[in-house]
2 protein chains.
Amino acid sequence: MVDLALPTADTVTDAVLAAARAARDAQPTLARLHRAEKDALLLAMAEALVARDAEIVAANALDLAAADEAGMAAGLRDRLALDPERITTIAQQLRDAAALPDPIGEVVRGSVLANGLELRQVRVPMGVIGMVYEARPNVTVDAAGLSLKAGSAVVLRGGSAALHSNTALIGVLRDVLVERGLPADLVVGIDEHGRDGVDVLMRARGLVDVLIPRGGAGLIRRVVENSLVPVIETGTGTTHVFVDASADLDQAEPIVLNAKTQRVGVCNALETLLVHRDIAEEALPRLAGPLAEAGVRLHADERAAALLGAAGTSAEVVPATEEDWDLEYLALELAVRVVDNLDEALAHIRAHSSGHTESILTRDLESQRRFLDEVDSAVVMANASTRFSDGGEFGFGAEIGISTQKLHARGPMGLPEITSTKWLVVGQGHVRP
Amino acid sequence: MVDLALPTADTVTDAVLAAARAARDAQPTLARLHRAEKDALLLAMAEALVARDAEIVAANALDLAAADEAGMAAGLRDRLALDPERITTIAQQLRDAAALPDPIGEVVRGSVLANGLELRQVRVPMGVIGMVYEARPNVTVDAAGLSLKAGSAVVLRGGSAALHSNTALIGVLRDVLVERGLPADLVVGIDEHGRDGVDVLMRARGLVDVLIPRGGAGLIRRVVENSLVPVIETGTGTTHVFVDASADLDQAEPIVLNAKTQRVGVCNALETLLVHRDIAEEALPRLAGPLAEAGVRLHADERAAALLGAAGTSAEVVPATEEDWDLEYLALELAVRVVDNLDEALAHIRAHSSGHTESILTRDLESQRRFLDEVDSAVVMANASTRFSDGGEFGFGAEIGISTQKLHARGPMGLPEITSTKWLVVGQGHVRP
């Protein structure tokens with residue numbers, strides 16, 4: 001059982017830095033394992049999680065009891081809850097990670113220089129990866145599995161509400177490491193140190209190589225604005241679809257519906273619909289029909305509201321405010337605006353997009369070319385639902401998150417995106433003239 | 001002429017943020033230029049610098065007068081000084097940048113997914129690059145040229161001692177931009193805001209996409225420890241050479257001499273020599289001879305000092321302190337240690353390296369394999385001088401710096417390392433099932 005007495009700030013600093021240092025010291029052992037050994041480790045972890053599910057469910061019950069006492073919202077409680085079936089699913093994530101190709105050792109570039117020096121850029125582990133996320137125990141195992149497969153030790157900080165569950169899960173993973181003669185500290189949890197622990201982790205430059213926040217906008221902003229450890233910013237998506245004047249409405253109707261409603265609480269779901277004025281009178285009522293049936297409320301600008309009203313739409317329409325253009329609703333709400341032309345659509349996206357995913361629906365070659373060229377987002381689409389902006393859909397086999405920053409990784413991140421590279425140079429007595 | 005009255009902190013904040021925002025707003029115009037237009041711009045800039053060299057030399061004279069009054073060291077004064085010949089050399093840097101392949105538009109990966117979606121990852125400009133460096137006017141032009149070629153606007157902060165020179169150089173570059181119908185704010189200088197300006201720039205997350213410090217360890221540490229804008233850490237090199245038991249001393253002698261003395265004030269110069277005990281008795285006196293002739297002083301551990309003493313070396317030998325193992329001398333000084341075996345050499349490097357460049361000298365396959373595998377530095381070599389760790393030597397044609405971090409870029413950085421990527425997804429009405 002974890003000691004829940006609140007530690008002092010200094011104790012937290014010492015403990016979190018010690019945890020990060022332990023992970024750092026353990027990592028070279030992992031880096032020397034070949035793929036077969038790493039895969040066997042992940043499969044053994046999967047087996048142990050299933051074998052010890054009763055213990056994990058018991059720990060989870062403590063978190064659930066505390067959640068009920070605190071009056072946790074139903075949706076959050078559901079993400080927290082574990083049962084044997086969910087533990088089997090979590091174990092499967094480890095088996096899936098084992099099945100992925102090993103990114104480590106890949107020769108990214110290579111040549112022989114004019115002087116005969118052999119040059120190779122090879123993919124190597126990042127080192128120590130810090131993961132900060134919310135009270136979702138499945139992320140604990142998923143993040144550990146992907147980090148280990150990519151050759152990195154991992155420092156895990158889930159939400160405090162999942163403290164007992166995460167401690168139990170991490171305990172199982174560490175036991176398997178020890179059974180296989182590997183350092184337990186390849187997987188360390190710092191949940192017991194609360195939010196203070198995250199503050200220390202964000203300053204552990206030199207011990208932690210990268211920090212990846214996974215979760216809501218508030219969590220991500222807090223890490224991005226305070227971390228001295230390099231961060232990969234993930235997630236927030238104020239996603240746009242632009243219906244061009246030449247759009248095929250038979251295609252646009254299902255795409256807009258799919259982008260908005262196929263799954264609403266995710267970062268690649270549609271949040272703002274822009275419609276070219278030349279097609280708006282026909283397009284808006286047609287698009288609004290299925291959206292209304294799906295229960296979507298429209299936050300429309302004046303022109304859009306007027307056209308929808310004139311057409312006697314069945315959709316619930318409320319006036320859009322300036323704030324609506326920057327919102328990630330993650331709900332059955334959609335901002336709608338009529339624009340004069342492609343330039344106005346591009347300007348709107350430039351002003352309001354979080355740089356995640358945008359899509360144009362068009363039959364015009366020049367409109368598609370300009371949209372793909374000029375929109376500066378991680379994923380830019382034409383004639384497809386924004387829901388395809390996803391590591392699984394891209395064929396990565398796993399997704400650590402979707403990066404909305406320009407450094408290191410941009411867009412859906414698979415295993416290679418949580419690795420680094422180094423240069424190998426082999427000579428035969430070479431000196432520089 | 002620049003107003004040298006010290007601005008208040010708030011004025012500085014407003015001015016630097018306005019400069020960064022202006023660069024950000026200007027950048028899309030640059031992003032739309034094709035290679036031929038960018039190259040023509042750089043060639044016109046080169047021509048203008050040469051045509052207006054008198055004006056630049058006059059501005060430089062003001063900086064030199066201030067430097068003389070302040071008693072600036074001769075080496076620093078020399079890096080600051082400009083004359084028509086040096087301006088021609090600086091202009092040549094722009095011509096060299098024009099001659100480099102354009103990284104923008106490169107298709108990094110691409111495929112057609114099972115559902116027919118066309119997927120391409122393409123190289124795109126970073127956006128706005130912030131460069132913070134010391135009083136070297138040539139860096140002003142070099143950084144601007146490489147950033148523009150890579151499609152990015154640039155915010156330049158050189159040392160205050162070069163204020164007039166940088167203002168003149170940036171003025172010429174901006175004039176050429178305007179003459180060619182491009183926004184002047186693609187190149188902005190913030191030198192007049194002093195160190196406070198750097199503090200604001202380091203917090204301009206969302207306006208500046210990456211900050212690249214170029215210069216001494218103090219400058220780099222200050223940026224790395226304080227910046228909320230993503231940073232690419234460059235430069236510091238506590239570079240090691242390990243002479244293995246099986247080393248060919250006929251090769252080791254010139255390599256060690258070359259690594260230490262071919263150019264001493266640079267990050268890829270040798271700083272610590274590790275020698276296997278089984279070869280130390282023969283190797284140390286042989287290696288020390290030419291080093292002594294070149295004026296190198298040895299900071300030796302006890303065993304190395306004893307062996308050198310017994311051999312009656314002509315080298316100046318002083319006892320190594322614990323601090324010596326972490327120093328980047330950038331001078332004719334070399335730390336020397338005898339180690340028991342490869343493991344001890346690896347442990348020493350792990351404890352003391354800045355992760356820049358290390359080299360093993362060996363004839364043993366297993367020693368080379370383990371060294372290349374296990375040393376976790378940006379560049380790991382065998383049987384070659386560390387002086388080859390360089391973008392020019394690697395064939396990049398230009399070097400922005402040598403990254404010692406693991407995120408985004410590691411090792412020598414060419415033009416592609418100051419770009420980002422985005423994903424293009426083209427469908428024909430695709431929705432996600």
# chains A, B, ... in the order shown; residues from 1 in each chain; ligands from 1
>>> interface_residues(of="chain A", to="chain B", cutoff="8 Å", atoms="only C-alpha atoms", output="PyMOL selection string")
chain A and resi 28+32+113+119+126+209-210+224-228+230-231+251-252+254-255+258-259+262+372+374+376-385+387-388+394-395+406-411+420-432
>>> select_by_dssp(residues="segment 122-306 of chain A", states="strand (DSSP E)", output="ChimeraX atom specification")
/A:122-125,128-132,153-157,187-189,210-213,239-243,270-276,297-300
>>> residues_around(residues="segment 325-342 of chain A", least_positions_apart="4", cutoff="8 Å", atoms="only C-alpha atoms", output="PyMOL selection string")
chain A and resi 236-239+244+260-261+264-267+269-278+280+295-301+303-304+320-321+346+352-353+367
>>> write_last_selection(atoms="C-alpha atoms", output="PDB file, in the first residue's frame")
ATOM      1  CA  THR A 236      -5.469  19.936 -28.905  1.00  0.00           C
ATOM      2  CA  GLY A 237      -7.398  20.050 -32.174  1.00  0.00           C
ATOM      3  CA  THR A 238      -9.513  22.994 -33.285  1.00  0.00           C
ATOM      4  CA  THR A 239     -10.062  21.078 -36.494  1.00  0.00           C
ATOM      5  CA  ASP A 244     -15.117  24.939 -51.340  1.00  0.00           C
ATOM      6  CA  LYS A 260     -18.061  15.701 -36.478  1.00  0.00           C
ATOM      7  CA  THR A 261     -19.896  12.692 -35.083  1.00  0.00           C
ATOM      8  CA  VAL A 264     -16.871  13.438 -30.730  1.00  0.00           C
ATOM      9  CA  GLY A 265     -14.489  13.486 -27.771  1.00  0.00           C
ATOM     10  CA  VAL A 266     -11.266  13.191 -29.769  1.00  0.00           C
ATOM     11  CA  CYS A 267      -8.720  15.669 -31.090  1.00  0.00           C
ATOM     12  CA  ALA A 269     -13.028  15.519 -34.599  1.00  0.00           C
ATOM     13  CA  LEU A 270     -14.346  18.488 -36.607  1.00  0.00           C
ATOM     14  CA  GLU A 271     -14.899  21.688 -34.609  1.00  0.00           C
ATOM     15  CA  THR A 272     -15.344  24.483 -37.194  1.00  0.00           C
ATOM     16  CA  LEU A 273     -17.015  24.217 -40.598  1.00  0.00           C
ATOM     17  CA  LEU A 274     -16.175  26.889 -43.178  1.00  0.00           C
ATOM     18  CA  VAL A 275     -18.401  27.114 -46.269  1.00  0.00           C
ATOM     19  CA  HIS A 276     -17.722  29.058 -49.480  1.00  0.00           C
ATOM     20  CA  ARG A 277     -20.493  31.659 -50.030  1.00  0.00           C
ATOM     21  CA  ASP A 278     -21.100  30.479 -53.611  1.00  0.00           C
ATOM     22  CA  ALA A 280     -23.496  28.007 -48.936  1.00  0.00           C
ATOM     23  CA  GLY A 295     -27.922  15.883 -32.257  1.00  0.00           C
ATOM     24  CA  VAL A 296     -25.298  18.459 -33.259  1.00  0.00           C
ATOM     25  CA  ARG A 297     -25.959  22.078 -32.301  1.00  0.00           C
ATOM     26  CA  LEU A 298     -24.657  24.695 -34.739  1.00  0.00           C
ATOM     27  CA  HIS A 299     -22.929  27.901 -33.627  1.00  0.00           C
ATOM     28  CA  ALA A 300     -23.418  29.892 -36.811  1.00  0.00           C
ATOM     29  CA  ASP A 301     -22.160  33.289 -37.946  1.00  0.00           C
ATOM     30  CA  ARG A 303     -24.667  34.680 -42.889  1.00  0.00           C
ATOM     31  CA  ALA A 304     -24.799  30.978 -42.069  1.00  0.00           C
ATOM     32  CA  ALA A 320     -21.499  32.108 -32.918  1.00  0.00           C
ATOM     33  CA  THR A 321     -19.413  34.327 -30.664  1.00  0.00           C
ATOM     34  CA  LEU A 346      -7.055  30.205 -45.198  1.00  0.00           C
ATOM     35  CA  HIS A 352      -7.806  30.057 -35.220  1.00  0.00           C
ATOM     36  CA  SER A 353      -6.325  26.622 -35.900  1.00  0.00           C
ATOM     37  CA  SER A 367      -8.011  25.115 -54.606  1.00  0.00           C
TER      38      SER A 367
END
>>> atom_distance(atom1="atom CA of Gly197 of chain B", atom2="atom CA of Thr11 of chain B")
9.9 Å
>>> closest_residue(among="A:Val108, A:Ala61, A:Ala74, A:Val223", to="Val132 of chain A", atoms="only C-alpha atoms")
A:Val223
>>> decode(residues="segment 94-148 of chain A", atoms="C-alpha atoms", output="PDB file, in the first residue's frame")
ATOM      1  CA  LEU A  94       1.678  -4.992 -24.850  1.00  0.00           C
ATOM      2  CA  ARG A  95       1.321  -7.888 -27.299  1.00  0.00           C
ATOM      3  CA  ASP A  96       0.585  -5.361 -30.058  1.00  0.00           C
ATOM      4  CA  ALA A  97       3.710  -3.399 -29.116  1.00  0.00           C
ATOM      5  CA  ALA A  98       5.726  -6.623 -29.281  1.00  0.00           C
ATOM      6  CA  ALA A  99       4.427  -7.222 -32.803  1.00  0.00           C
ATOM      7  CA  LEU A 100       5.601  -3.814 -34.061  1.00  0.00           C
ATOM      8  CA  PRO A 101       8.898  -3.559 -35.964  1.00  0.00           C
ATOM      9  CA  ASP A 102      11.811  -2.469 -33.781  1.00  0.00           C
ATOM     10  CA  PRO A 103      12.787   1.105 -34.717  1.00  0.00           C
ATOM     11  CA  ILE A 104      16.188   0.819 -33.001  1.00  0.00           C
ATOM     12  CA  GLY A 105      19.160   0.172 -35.272  1.00  0.00           C
ATOM     13  CA  GLU A 106      17.495   1.421 -38.423  1.00  0.00           C
ATOM     14  CA  VAL A 107      20.078   3.049 -40.701  1.00  0.00           C
ATOM     15  CA  VAL A 108      18.434   6.378 -41.545  1.00  0.00           C
ATOM     16  CA  ARG A 109      21.172   7.646 -43.888  1.00  0.00           C
ATOM     17  CA  GLY A 110      24.584   6.416 -44.850  1.00  0.00           C
ATOM     18  CA  SER A 111      27.404   7.111 -47.278  1.00  0.00           C
ATOM     19  CA  VAL A 112      31.141   6.909 -47.792  1.00  0.00           C
ATOM     20  CA  LEU A 113      32.760  10.351 -47.865  1.00  0.00           C
ATOM     21  CA  ALA A 114      35.295  11.406 -50.489  1.00  0.00           C
ATOM     22  CA  ASN A 115      38.122  10.661 -48.048  1.00  0.00           C
ATOM     23  CA  GLY A 116      36.862   7.131 -47.390  1.00  0.00           C
ATOM     24  CA  LEU A 117      35.229   7.795 -44.002  1.00  0.00           C
ATOM     25  CA  GLU A 118      32.158   5.588 -43.578  1.00  0.00           C
ATOM     26  CA  LEU A 119      29.201   7.594 -42.297  1.00  0.00           C
ATOM     27  CA  ARG A 120      25.938   6.167 -40.925  1.00  0.00           C
ATOM     28  CA  GLN A 121      23.060   7.834 -39.105  1.00  0.00           C
ATOM     29  CA  VAL A 122      21.343   5.169 -37.000  1.00  0.00           C
ATOM     30  CA  ARG A 123      18.221   5.184 -34.880  1.00  0.00           C
ATOM     31  CA  VAL A 124      18.891   4.890 -31.128  1.00  0.00           C
ATOM     32  CA  PRO A 125      16.746   5.035 -27.982  1.00  0.00           C
ATOM     33  CA  MET A 126      15.719   8.437 -26.639  1.00  0.00           C
ATOM     34  CA  GLY A 127      16.932   7.463 -23.152  1.00  0.00           C
ATOM     35  CA  VAL A 128      14.400   8.386 -20.476  1.00  0.00           C
ATOM     36  CA  ILE A 129      10.868   9.344 -21.498  1.00  0.00           C
ATOM     37  CA  GLY A 130       8.581  11.134 -19.038  1.00  0.00           C
ATOM     38  CA  MET A 131       4.849  10.589 -19.555  1.00  0.00           C
ATOM     39  CA  VAL A 132       2.326  12.833 -17.807  1.00  0.00           C
ATOM     40  CA  TYR A 133      -1.320  11.863 -18.281  1.00  0.00           C
ATOM     41  CA  GLU A 134      -4.682  11.645 -16.593  1.00  0.00           C
ATOM     42  CA  ALA A 135      -6.420   8.998 -14.497  1.00  0.00           C
ATOM     43  CA  ARG A 136      -6.515   6.301 -17.192  1.00  0.00           C
ATOM     44  CA  PRO A 137      -4.714   3.152 -16.008  1.00  0.00           C
ATOM     45  CA  ASN A 138      -4.585   1.752 -19.563  1.00  0.00           C
ATOM     46  CA  VAL A 139      -2.226   4.599 -20.541  1.00  0.00           C
ATOM     47  CA  THR A 140       0.184   3.486 -17.800  1.00  0.00           C
ATOM     48  CA  VAL A 141       0.704   0.125 -19.467  1.00  0.00           C
ATOM     49  CA  ASP A 142       0.532   1.419 -23.036  1.00  0.00           C
ATOM     50  CA  ALA A 143       3.144   4.139 -22.396  1.00  0.00           C
ATOM     51  CA  ALA A 144       5.435   1.693 -20.598  1.00  0.00           C
ATOM     52  CA  GLY A 145       5.160  -0.896 -23.368  1.00  0.00           C
ATOM     53  CA  LEU A 146       5.867   1.531 -26.217  1.00  0.00           C
ATOM     54  CA  SER A 147       8.756   3.190 -24.358  1.00  0.00           C
ATOM     55  CA  LEU A 148      10.394  -0.159 -23.574  1.00  0.00           C
TER      56      LEU A 148
END
